[in-house]
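The file entry31.txt comes next; it holds compact mmCIF, C-alpha atoms.
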# COMPACT_ATOMS: atom_id res chain seq x y z
CA MET A 25 113.08 105.10 86.69
CA LEU A 26 110.59 107.56 85.27
CA GLU A 27 108.66 107.96 88.51
CA MET A 28 104.95 108.68 88.83
CA GLY A 29 103.65 109.20 92.32
CA ALA A 30 103.01 111.74 95.05
CA ASP A 31 106.14 113.80 94.33
CA GLN A 32 105.10 114.19 90.71
CA VAL A 33 101.61 115.30 91.75
CA ASP A 34 103.18 117.90 94.04
CA GLU A 35 105.46 119.13 91.24
CA ALA A 36 102.63 119.48 88.74
CA VAL A 37 100.38 121.28 91.24
CA ALA A 38 103.19 123.67 92.16
CA GLU A 39 103.67 124.50 88.46
CA CYS A 40 99.95 125.13 88.07
CA ALA A 41 99.67 127.25 91.20
CA ALA A 42 102.65 129.37 90.20
CA LEU A 43 101.09 130.08 86.81
CA LEU A 44 97.70 130.87 88.32
CA ARG A 45 99.14 133.28 90.86
CA SER A 46 101.12 135.04 88.16
CA VAL A 47 97.87 135.81 86.32
CA ALA A 48 95.58 136.29 89.33
CA ASP A 49 95.02 139.95 88.40
CA ARG A 50 93.54 139.06 84.99
CA ASP A 51 90.00 138.30 83.87
CA TRP A 52 89.37 134.55 84.29
CA GLU A 53 86.02 134.61 82.50
CA VAL A 54 87.70 134.16 79.12
CA PRO A 55 87.99 130.81 77.30
CA ALA A 56 90.85 128.54 78.40
CA GLY A 57 92.69 128.14 75.12
CA SER A 58 90.82 125.85 72.72
CA LEU A 59 88.38 124.72 75.43
CA GLU A 60 84.80 125.94 75.64
CA TRP A 61 85.28 126.38 79.39
CA THR A 62 86.34 129.64 80.97
CA VAL A 63 89.65 129.86 82.79
CA ARG A 64 87.84 130.02 86.12
CA TYR A 65 85.75 126.94 85.37
CA THR A 66 88.86 125.09 84.20
CA VAL A 67 90.54 125.86 87.53
CA GLU A 68 87.48 124.50 89.31
CA HIS A 69 87.55 121.39 87.09
CA VAL A 70 91.19 120.71 87.96
CA ALA A 71 90.50 121.00 91.69
CA ASP A 72 87.43 118.78 91.36
CA ASP A 73 89.40 116.09 89.53
CA LEU A 74 92.18 116.12 92.10
CA ILE A 75 89.83 115.60 95.04
CA ALA A 76 87.75 113.06 93.10
CA TYR A 77 90.82 110.97 92.30
CA ALA A 78 91.78 111.01 95.97
CA GLY A 79 88.26 109.87 96.82
CA GLN A 80 88.36 107.02 94.30
CA LEU A 81 91.34 105.53 96.12
CA THR A 82 90.31 106.18 99.71
CA GLY A 83 86.74 105.06 98.99
CA ARG A 84 87.92 101.96 97.07
CA ALA A 85 85.30 102.90 94.47
CA ALA A 86 84.28 99.83 92.50
CA SER A 87 81.69 100.92 89.95
CA GLY A 88 81.57 104.69 89.59
CA TYR A 89 82.76 108.00 90.96
CA VAL A 90 82.35 108.72 94.65
CA GLY A 91 79.36 110.92 95.29
CA PHE A 92 80.91 114.29 95.99
CA GLY A 93 82.64 117.12 94.18
CA ILE A 94 83.98 120.60 94.68
CA THR A 95 82.96 124.03 93.42
CA LEU A 96 84.52 127.42 93.89
CA GLU A 97 82.52 129.79 96.07
CA ASP A 98 80.92 132.78 94.36
CA GLY A 99 83.15 135.78 94.81
CA LEU A 100 86.25 133.74 95.64
CA SER A 101 89.30 135.66 94.48
CA ASN A 102 91.54 134.27 91.76
CA GLU A 103 94.39 134.10 94.24
CA ASP A 104 92.30 132.00 96.62
CA ALA A 105 91.12 129.80 93.74
CA ALA A 106 94.76 128.96 93.09
CA GLY A 107 94.97 127.93 96.74
CA VAL A 108 92.10 125.49 96.21
CA VAL A 109 94.15 123.71 93.53
CA THR A 110 97.08 123.53 95.94
CA ALA A 111 94.84 122.14 98.69
CA THR A 112 93.18 119.47 96.56
CA GLY A 113 96.50 118.53 95.01
CA GLY A 114 97.88 118.02 98.50
CA LEU A 115 95.01 115.68 99.31
CA LEU A 116 95.70 113.55 96.23
CA SER A 117 99.44 113.35 96.88
CA ALA A 118 98.82 112.37 100.53
CA VAL A 119 96.44 109.61 99.44
CA VAL A 120 98.88 108.34 96.82
CA ARG A 121 101.63 108.17 99.46
CA THR A 122 99.54 106.15 101.89
CA THR A 123 97.56 103.84 99.60
CA PRO A 124 98.90 100.25 99.42
CA PRO A 125 100.14 99.18 95.98
CA GLY A 126 97.38 96.64 95.28
CA VAL A 127 94.46 99.00 95.96
CA ARG A 128 92.47 100.21 92.97
CA GLY A 129 89.59 102.58 92.41
CA TRP A 130 87.15 102.85 89.52
CA HIS A 131 87.99 104.87 86.44
CA PRO A 132 86.64 104.36 82.91
CA PHE A 133 90.03 104.54 81.13
CA ALA A 134 90.77 101.96 80.08
CA TYR A 135 89.70 98.90 82.05
CA GLY A 136 87.55 100.20 84.85
CA ALA A 137 90.23 100.76 87.49
CA GLY A 138 93.43 102.56 88.40
CA ASP A 139 95.97 102.04 91.17
CA ARG A 140 97.88 104.71 93.08
CA THR A 141 100.33 105.17 90.19
CA GLY A 142 97.49 105.45 87.70
CA PHE A 143 95.60 108.06 89.72
CA ALA A 144 98.82 110.00 90.31
CA GLY A 145 99.40 110.01 86.56
CA MET A 146 95.83 111.04 85.82
CA GLY A 147 96.11 113.86 88.32
CA VAL A 148 99.37 115.04 86.77
CA ALA A 149 97.82 114.88 83.30
CA GLU A 150 94.78 116.93 84.31
CA VAL A 151 96.95 119.55 85.98
CA LEU A 152 99.58 119.92 83.25
CA LEU A 153 97.23 119.87 80.29
CA HIS A 154 94.73 122.29 81.76
CA THR A 155 97.47 124.59 83.00
CA TYR A 156 98.57 124.76 79.37
CA ASP A 157 94.99 125.53 78.32
CA ILE A 158 94.77 128.31 80.90
CA ALA A 159 98.12 129.74 79.86
CA CYS A 160 96.99 129.83 76.23
CA GLY A 161 93.71 131.47 77.16
CA LEU A 162 95.48 134.20 79.11
CA GLY A 163 98.23 134.75 76.56
CA VAL A 164 101.10 133.25 78.56
CA GLU A 165 102.75 131.79 75.49
CA ARG A 166 105.99 130.79 77.19
CA TRP A 167 104.42 128.18 79.50
CA ARG A 168 105.02 124.52 78.69
CA PRO A 169 104.75 121.35 80.83
CA PRO A 170 108.11 120.45 82.45
CA GLY A 171 110.10 118.10 80.23
CA GLN A 172 110.97 115.40 82.77
CA LEU A 173 107.44 115.31 84.13
CA SER A 174 106.06 115.07 80.59
CA GLN A 175 108.45 112.22 79.78
CA SER A 176 107.38 110.30 82.85
CA LEU A 177 103.69 110.90 82.17
CA LEU A 178 104.02 109.65 78.60
CA ALA A 179 105.80 106.47 79.70
CA HIS A 180 103.13 105.71 82.32
CA LEU A 181 99.80 106.72 80.78
CA PHE A 182 100.52 106.99 77.05
CA PRO A 183 102.28 103.70 76.23
CA HIS A 184 100.91 103.79 72.68
CA VAL A 185 102.70 107.07 71.91
CA GLN A 186 106.25 106.90 70.56
CA PRO A 187 108.48 109.19 72.66
CA GLY A 188 110.24 112.06 70.94
CA PRO A 189 113.17 114.39 71.62
CA ASP A 190 110.85 117.02 73.14
CA PRO A 191 108.59 115.26 75.71
CA ALA A 192 106.45 118.34 76.42
CA ARG A 193 105.73 118.87 72.74
CA THR A 194 105.00 115.15 72.31
CA LEU A 195 102.56 115.24 75.23
CA LEU A 196 100.74 118.26 73.84
CA TRP A 197 100.55 116.62 70.39
CA ALA A 198 99.29 113.33 71.86
CA THR A 199 96.42 115.17 73.58
CA GLY A 200 95.35 117.21 70.57
CA ARG A 201 97.05 120.41 71.65
CA GLY A 202 99.70 120.86 68.98
CA ASP A 203 101.43 119.55 65.90
CA LEU A 204 104.43 117.26 65.65
CA PRO A 205 106.48 116.96 62.45
CA GLY A 206 105.93 113.65 60.71
CA ARG A 207 102.89 112.69 62.78
CA PRO A 208 99.20 113.19 61.93
CA LYS A 209 97.11 115.60 63.95
CA VAL A 210 95.41 114.02 66.95
CA THR A 211 91.66 114.63 67.10
CA SER A 212 90.62 111.94 69.58
CA TRP A 213 92.62 110.56 72.50
CA HIS A 214 92.63 109.20 76.02
CA TRP A 215 95.24 107.83 78.38
CA HIS A 216 95.70 104.17 79.25
CA ASN A 217 95.55 102.62 82.71
CA ALA A 218 97.31 99.30 83.13
CA ILE A 219 95.20 96.16 82.81
CA VAL A 220 94.86 93.86 85.80
CA LEU A 221 93.78 90.29 85.07
CA PRO A 222 92.66 88.15 88.03
CA VAL A 223 94.19 84.71 87.62
CA GLU A 224 91.44 82.09 87.52
CA ASP A 225 92.49 78.93 89.32
CA GLU A 226 90.12 76.97 91.55
CA GLU A 227 92.95 74.85 92.96
CA ALA A 228 95.29 77.73 93.84
CA ALA A 229 95.94 78.45 97.50
CA ASP A 230 96.98 82.01 96.63
CA VAL A 231 95.10 84.82 94.93
CA LEU A 232 97.15 85.95 91.92
CA GLU A 233 96.94 88.86 89.51
CA LEU A 234 98.57 89.68 86.19
CA ARG A 235 99.41 93.39 86.18
CA GLU A 236 100.39 95.09 82.96
CA LEU A 237 103.89 96.57 82.88
CA SER A 238 104.05 100.20 81.73
CA PRO A 239 106.94 101.31 79.48
CA ALA A 240 108.31 103.31 82.43
CA ALA A 241 108.37 100.23 84.66
CA ALA A 242 109.71 98.09 81.82
CA MET A 243 112.63 100.45 81.28
CA ASP A 244 113.43 100.35 84.98
CA LEU A 245 113.28 96.55 85.02
CA SER A 246 115.55 96.27 82.00
CA VAL A 247 118.36 98.31 83.58
CA GLY A 248 118.45 96.57 86.97
CA GLY A 249 115.48 98.07 88.82
CA THR A 250 112.44 96.40 90.35
CA ALA A 251 109.71 98.02 88.22
CA GLY A 252 108.12 99.18 91.47
CA HIS A 253 107.50 95.62 92.72
CA THR A 254 108.82 93.57 95.62
CA TRP A 255 110.09 90.32 94.13
CA LEU A 256 109.84 86.92 95.73
CA GLY A 257 113.52 86.23 95.16
CA ASP A 258 114.51 89.77 96.21
CA ASP A 259 115.69 90.54 92.66
CA PRO A 260 113.89 90.01 89.34
CA ASP A 261 114.99 86.99 87.32
CA GLU A 262 116.85 87.46 84.04
CA GLY A 263 113.84 86.38 82.02
CA SER A 264 111.77 89.18 83.54
CA ARG A 265 114.52 91.70 82.82
CA ALA A 266 114.62 90.50 79.21
CA ALA A 267 110.84 90.88 78.97
CA GLY A 268 111.13 94.44 80.29
CA ALA A 269 113.83 95.21 77.73
CA MET A 270 111.55 93.93 74.95
CA VAL A 271 108.79 96.33 76.00
CA ALA A 272 111.26 99.22 76.35
CA ARG A 273 112.64 98.66 72.84
CA ALA A 274 109.16 98.45 71.32
CA TYR A 275 108.12 101.66 73.11
CA ALA A 276 111.17 103.52 71.82
CA ARG A 277 110.40 102.35 68.26
CA GLY A 278 106.75 103.28 68.56
CA THR A 279 105.60 99.68 68.01
CA HIS A 280 104.50 98.88 71.57
CA ARG A 281 100.80 98.32 71.95
CA PRO A 282 99.12 98.40 75.34
CA GLU A 283 97.64 95.03 76.30
CA TRP A 284 100.13 93.16 74.10
CA GLY A 285 103.23 93.57 76.24
CA THR A 286 104.41 92.10 79.52
CA PHE A 287 102.48 91.40 82.73
CA VAL A 288 103.93 90.90 86.19
CA LEU A 289 102.44 87.98 88.11
CA VAL A 290 101.73 89.20 91.65
CA ARG A 291 100.75 87.20 94.74
CA VAL A 292 98.13 89.46 96.28
CA ARG A 293 98.42 88.50 99.96
CA ASP A 294 101.95 89.86 100.28
CA GLU A 295 102.30 91.84 97.03
CA ARG A 296 105.23 89.69 95.89
CA ALA A 297 106.10 89.57 92.19
CA LEU A 298 106.55 85.96 91.13
CA GLY A 299 107.66 86.45 87.52
CA THR A 300 106.45 87.75 84.17
CA LEU A 301 104.19 86.53 81.40
CA GLY A 302 103.11 88.27 78.26
CA PHE A 303 103.17 88.73 74.54
CA HIS A 304 106.11 89.43 72.25
CA GLY A 305 103.98 92.00 70.46
CA PRO A 306 100.49 92.47 69.01
CA PRO A 307 99.01 89.92 66.58
CA ASP A 308 100.71 89.86 63.17
CA GLU A 309 98.99 90.03 59.79
CA THR A 310 97.88 86.40 60.18
CA GLY A 311 96.34 87.05 63.57
CA SER A 312 99.03 85.19 65.50
CA ALA A 313 100.73 86.46 68.65
CA GLU A 314 103.60 84.82 70.52
CA VAL A 315 103.56 84.34 74.29
CA GLY A 316 106.42 84.00 76.74
CA TYR A 317 106.60 83.34 80.47
CA GLY A 318 108.93 82.67 83.36
CA LEU A 319 108.74 82.54 87.15
CA GLN A 320 111.16 83.12 89.97
CA GLU A 321 112.70 79.83 91.06
CA LYS A 322 111.00 79.97 94.47
CA ALA A 323 107.59 80.37 92.79
CA ARG A 324 107.80 77.23 90.66
CA GLY A 325 106.07 73.96 91.36
CA HIS A 326 102.80 75.42 92.66
CA GLY A 327 100.80 75.57 89.42
CA HIS A 328 101.16 79.35 89.20
CA ALA A 329 102.61 79.39 85.68
CA THR A 330 99.87 77.14 84.32
CA ALA A 331 97.05 79.16 85.88
CA ALA A 332 98.53 82.50 84.81
CA LEU A 333 99.26 81.34 81.25
CA ARG A 334 95.74 79.95 80.93
CA THR A 335 94.31 83.29 82.08
CA LEU A 336 96.53 85.22 79.68
CA ALA A 337 95.59 82.92 76.79
CA VAL A 338 91.87 83.26 77.42
CA TRP A 339 92.21 87.03 77.51
CA GLY A 340 94.39 87.22 74.38
CA LEU A 341 92.22 84.92 72.31
CA GLY A 342 89.20 86.97 73.30
CA GLN A 343 90.59 90.11 71.66
CA PRO A 344 89.69 91.08 68.08
CA GLY A 345 92.08 89.73 65.47
CA SER A 346 93.84 87.09 67.55
CA PRO A 347 92.74 83.59 66.50
CA THR A 348 96.05 81.93 67.42
CA LEU A 349 98.62 82.14 70.21
CA ARG A 350 102.06 80.62 69.69
CA ALA A 351 104.87 79.61 72.01
CA ARG A 352 108.39 78.26 71.57
CA VAL A 353 110.21 76.06 74.04
CA ALA A 354 113.53 74.23 74.11
CA PRO A 355 113.25 70.46 73.47
CA ASP A 356 114.86 69.63 76.83
CA ASN A 357 112.62 71.99 78.85
CA ARG A 358 110.03 69.40 79.81
CA ALA A 359 108.64 71.47 82.69
CA SER A 360 107.78 74.34 80.35
CA GLN A 361 106.25 71.96 77.83
CA ALA A 362 104.04 70.57 80.58
CA VAL A 363 102.92 74.10 81.49
CA LEU A 364 101.94 74.75 77.88
CA ARG A 365 99.95 71.53 77.61
CA ARG A 366 98.10 72.16 80.87
CA ALA A 367 97.30 75.69 79.69
CA GLY A 368 95.61 74.34 76.57
CA PHE A 369 98.44 74.57 74.05
CA THR A 370 99.14 71.69 71.65
CA PRO A 371 102.11 70.90 69.39
CA ALA A 372 102.06 72.97 66.20
CA ASP A 373 102.37 71.64 62.68
CA PRO A 374 105.24 71.48 61.93
CA PRO A 375 106.25 70.95 65.58
CA VAL A 376 109.88 72.08 65.21
CA VAL A 377 111.31 75.43 64.19
CA GLU A 378 114.99 76.16 63.73
CA ASP A 379 116.39 79.62 64.38
CA LEU A 380 119.94 80.39 63.32
CA GLU A 381 120.52 82.46 66.47
CA GLU A 382 118.54 80.47 69.07
CA GLY A 383 118.82 76.93 67.72
CA MET A 384 116.00 74.40 67.49
CA ASP A 385 112.75 74.93 69.40
CA LEU A 386 109.49 73.07 69.75
CA ARG A 387 106.41 75.02 68.73
CA TYR A 388 103.08 75.02 70.52
CA GLU A 389 99.87 76.86 69.76
CA ARG A 390 96.40 77.50 71.10
CA ARG A 391 93.52 78.66 68.95
CA ALA A 392 90.38 80.58 69.78
So that I can check it, write out the structure of this file as structure tokens.
Amino acid sequence: MLEMGADQVDEAVAECAALLRSVADRDWEVPAGSLEWTVRYTVEHVADDLIAYAGQLTGRAASGYVGFGITLEDGLSNEDAAGVVTATGGLLSAVVRTTPPGVRGWHPFAYGAGDRTGFAGMGVAEVLLHTYDIACGLGVERWRPPGQLSQSLLAHLFPHVQPGPDPARTLLWATGRGDLPGRPKVTSWHWHNAIVLPVEDEEAADVLELRELSPAAAMDLSVGGTAGHTWLGDDPDEGSRAAGAMVARAYARGTHRPEWGTFVLVRVRDERALGTLGFHGPPDETGSAEVGYGLQEKARGHGHATAALRTLAVWGLGQPGSPTLRARVAPDNRASQAVLRRAGFTPADPPVVEDLEEGMDLRYERRA
């Protein structure tokens, strides 16, 4: 799996600190590459972000940044400033290691919150990208973000970016720091934190959440991993693995769109993954998107699929350009048909579709 966590924060911070110490004898009051900030201010910014991200998680921030920051003391040597980055990076990695998986803290990109993986990724992004800026500003032309770390960062926080043969170059292009053959120049960008949709169900005994699956987690799921979740049946079901493979293929092609992929249904009280629900891709030219869903056998019969599908449908139909959601189900799968009806789907017209590869299916739809 393309990991993103405390170890990756430590690796990125070590790369940054090594670069800073190698140029500690230079003037840091020059611009950091294409930024308007000086190198010294950029170092301070990196340290401030690292400690702020740690604070967002430990403080369980719900609506804004925690009320503290960090500044470098006047007269602090460049060598000691590098040590501040190491210290604040260590705080973030320690917090990421000890924060439970369901905990989130506020961040504006993209849906008001990030979990420990998201804040680890954001910390890695800040460190790598600004280390590159600093290297450019000080004429260290050879420095590039590590390839494996760049690949992992792209697959976690940049799901809308098609991967390329050179992950570091792709990352720099995706953040407006370079060119990439065959792709237009990037002038505006931001990363993407996974969406979390609370499942609305007044009758449910359990609190449930739909958590968006990143391409990195989807790839892991498709090849036999757990996507970072603890599953109710110990191992993910085949339907969930197939859903992960669908996201992984779309990401590799460059057609995956955040929000329109797969979500893992999680029971919050014990952080157990119950199955997957999601879309087979973004809305087509007619504004239609297809949904799919499946639960672990032990999770069936409790109304979870109905509640989760209803939540997903309400969210999808509320997005621009999606007036219709579609679903296909085998004629003999009466349980799944009942789920669709309870979730507000009705038989389509015509109600039957025949696929040469999959056979005959019943069609259902729900409109905005």
The residues within 8 Å of (86.3, 135.1, 83.0), using all atoms listed in the file and the coordinates of the file, should be reported as a PDB file with C-alpha atoms, keeping the file's coordinate frame; which are they?
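And here's result-v3.pdb as it stands now:
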ATOM      1  CA  ASP A  51      90.000 138.300  83.870  1.00  0.00           C
ATOM      2  CA  TRP A  52      89.370 134.550  84.290  1.00  0.00           C
ATOM      3  CA  GLU A  53      86.020 134.610  82.500  1.00  0.00           C
ATOM      4  CA  VAL A  54      87.700 134.160  79.120  1.00  0.00           C
ATOM      5  CA  PRO A  55      87.990 130.810  77.300  1.00  0.00           C
ATOM      6  CA  THR A  62      86.340 129.640  80.970  1.00  0.00           C
ATOM      7  CA  VAL A  63      89.650 129.860  82.790  1.00  0.00           C
ATOM      8  CA  ARG A  64      87.840 130.020  86.120  1.00  0.00           C
TER       9      ARG A  64
END
(message) So, with all atoms listed in the file as the atoms that count, which of A:Arg50, A:His280, A:His214, A:Arg334 lies closest to Leu162 in chain A?
(response)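 Checking each of A:Arg50, A:His280, A:His214, A:Arg334 against Leu162 in chain A, counting all atoms listed in the file, the winner is A:Arg50.
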CA of Gly114 in chain A to CA of Ala240 in chain A measures 24.2 Å
With distances taken over only C-alpha atoms, the candidate from A:His304, A:Val376, A:Leu349, A:Glu224 nearest Ala331 in chain A is A:Glu224
Using only C-alpha atoms, which protein or nucleic acid residues come within 9 Å of Arg121 in chain A? Drop anything in the same chain fewer than 4 positions from it, and give the result as a CSV table (one decimal) with C-alpha atoms, keeping the file's coordinate frame.
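Final file, out26.csv:
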chain,number,residue,atom,x,y,z
A,29,GLY,CA,103.6,109.2,92.3
A,30,ALA,CA,103.0,111.7,95.0
A,31,ASP,CA,106.1,113.8,94.3
A,116,LEU,CA,95.7,113.6,96.2
A,117,SER,CA,99.4,113.4,96.9
A,140,ARG,CA,97.9,104.7,93.1
Nearby residues (only C-alpha atoms) at most 7 Å from Trp284 in chain A, same-chain spacing under 5 positions excluded, as a list in words: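 Counting only C-alpha atoms, the residues come to Phe303, Gly305 and Pro306 of chain A.
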One residue among A:Ala86, A:Ala359, A:Val37, A:Leu181 is nearest to Gly129 in chain A when using all atoms listed in the file, and that residue is A:Ala86
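Ranking A:Asp294, A:Ile94, A:Asp139, A:Val47 by their shortest atom-to-atom distance to Leu81 in chain A, with all atoms listed in the file included, puts A:Asp139 first.
Between CA of Gly285 in chain A and CA of Arg390 in chain A the separation is 18.2 Å.
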Would you mind completing range 280-303 of chain A so that it carries N, CA and C atoms, and writing it out as a tab-separated table (two decimals), in the coordinates of the input?
chain	number	residue	atom	x	y	z
A	280	HIS	N	105.14	99.49	70.40
A	280	HIS	CA	104.50	98.88	71.57
A	280	HIS	C	103.02	99.18	71.55
A	281	ARG	N	102.24	98.15	71.86
A	281	ARG	CA	100.80	98.32	71.95
A	281	ARG	C	100.33	97.89	73.33
A	282	PRO	N	99.65	98.79	74.04
A	282	PRO	CA	99.12	98.40	75.34
A	282	PRO	C	98.30	97.12	75.21
A	283	GLU	N	98.34	96.32	76.21
A	283	GLU	CA	97.64	95.03	76.30
A	283	GLU	C	98.46	93.89	75.70
A	284	TRP	N	99.39	94.20	74.79
A	284	TRP	CA	100.13	93.16	74.10
A	284	TRP	C	101.60	93.18	74.49
A	285	GLY	N	101.87	93.57	75.73
A	285	GLY	CA	103.23	93.57	76.24
A	285	GLY	C	103.41	92.56	77.35
A	286	THR	N	104.06	93.00	78.42
A	286	THR	CA	104.41	92.10	79.52
A	286	THR	C	103.57	92.38	80.76
A	287	PHE	N	103.22	91.32	81.48
A	287	PHE	CA	102.48	91.40	82.73
A	287	PHE	C	103.33	90.82	83.85
A	288	VAL	N	103.28	91.44	85.01
A	288	VAL	CA	103.93	90.90	86.19
A	288	VAL	C	102.92	90.06	86.96
A	289	LEU	N	103.30	88.85	87.31
A	289	LEU	CA	102.44	87.98	88.11
A	289	LEU	C	102.67	88.30	89.59
A	290	VAL	N	101.62	88.74	90.26
A	290	VAL	CA	101.73	89.20	91.65
A	290	VAL	C	100.88	88.31	92.57
A	291	ARG	N	101.48	87.90	93.68
A	291	ARG	CA	100.75	87.20	94.74
A	291	ARG	C	100.14	88.27	95.64
A	292	VAL	N	98.82	88.32	95.69
A	292	VAL	CA	98.13	89.46	96.28
A	292	VAL	C	98.33	89.56	97.78
A	293	ARG	N	98.40	88.45	98.50
A	293	ARG	CA	98.42	88.50	99.96
A	293	ARG	C	99.64	89.23	100.51
A	294	ASP	N	100.76	89.16	99.80
A	294	ASP	CA	101.95	89.86	100.28
A	294	ASP	C	102.58	90.76	99.22
A	295	GLU	N	101.85	90.96	98.11
A	295	GLU	CA	102.30	91.84	97.03
A	295	GLU	C	103.68	91.45	96.50
A	296	ARG	N	103.96	90.17	96.42
A	296	ARG	CA	105.23	89.69	95.89
A	296	ARG	C	105.10	89.39	94.40
A	297	ALA	N	106.05	89.88	93.61
A	297	ALA	CA	106.10	89.57	92.19
A	297	ALA	C	106.76	88.21	92.01
A	298	LEU	N	106.08	87.33	91.29
A	298	LEU	CA	106.55	85.96	91.13
A	298	LEU	C	107.23	85.72	89.78
A	299	GLY	N	107.07	86.63	88.85
A	299	GLY	CA	107.66	86.45	87.52
A	299	GLY	C	106.89	87.28	86.51
A	300	THR	N	107.11	87.00	85.24
A	300	THR	CA	106.45	87.75	84.17
A	300	THR	C	105.89	86.80	83.12
A	301	LEU	N	104.79	87.20	82.54
A	301	LEU	CA	104.19	86.53	81.40
A	301	LEU	C	103.72	87.62	80.44
A	302	GLY	N	103.62	87.27	79.18
A	302	GLY	CA	103.11	88.27	78.26
A	302	GLY	C	103.28	87.89	76.81
A	303	PHE	N	103.11	88.90	75.98
A	303	PHE	CA	103.17	88.73	74.54
A	303	PHE	C	104.44	89.39	74.00
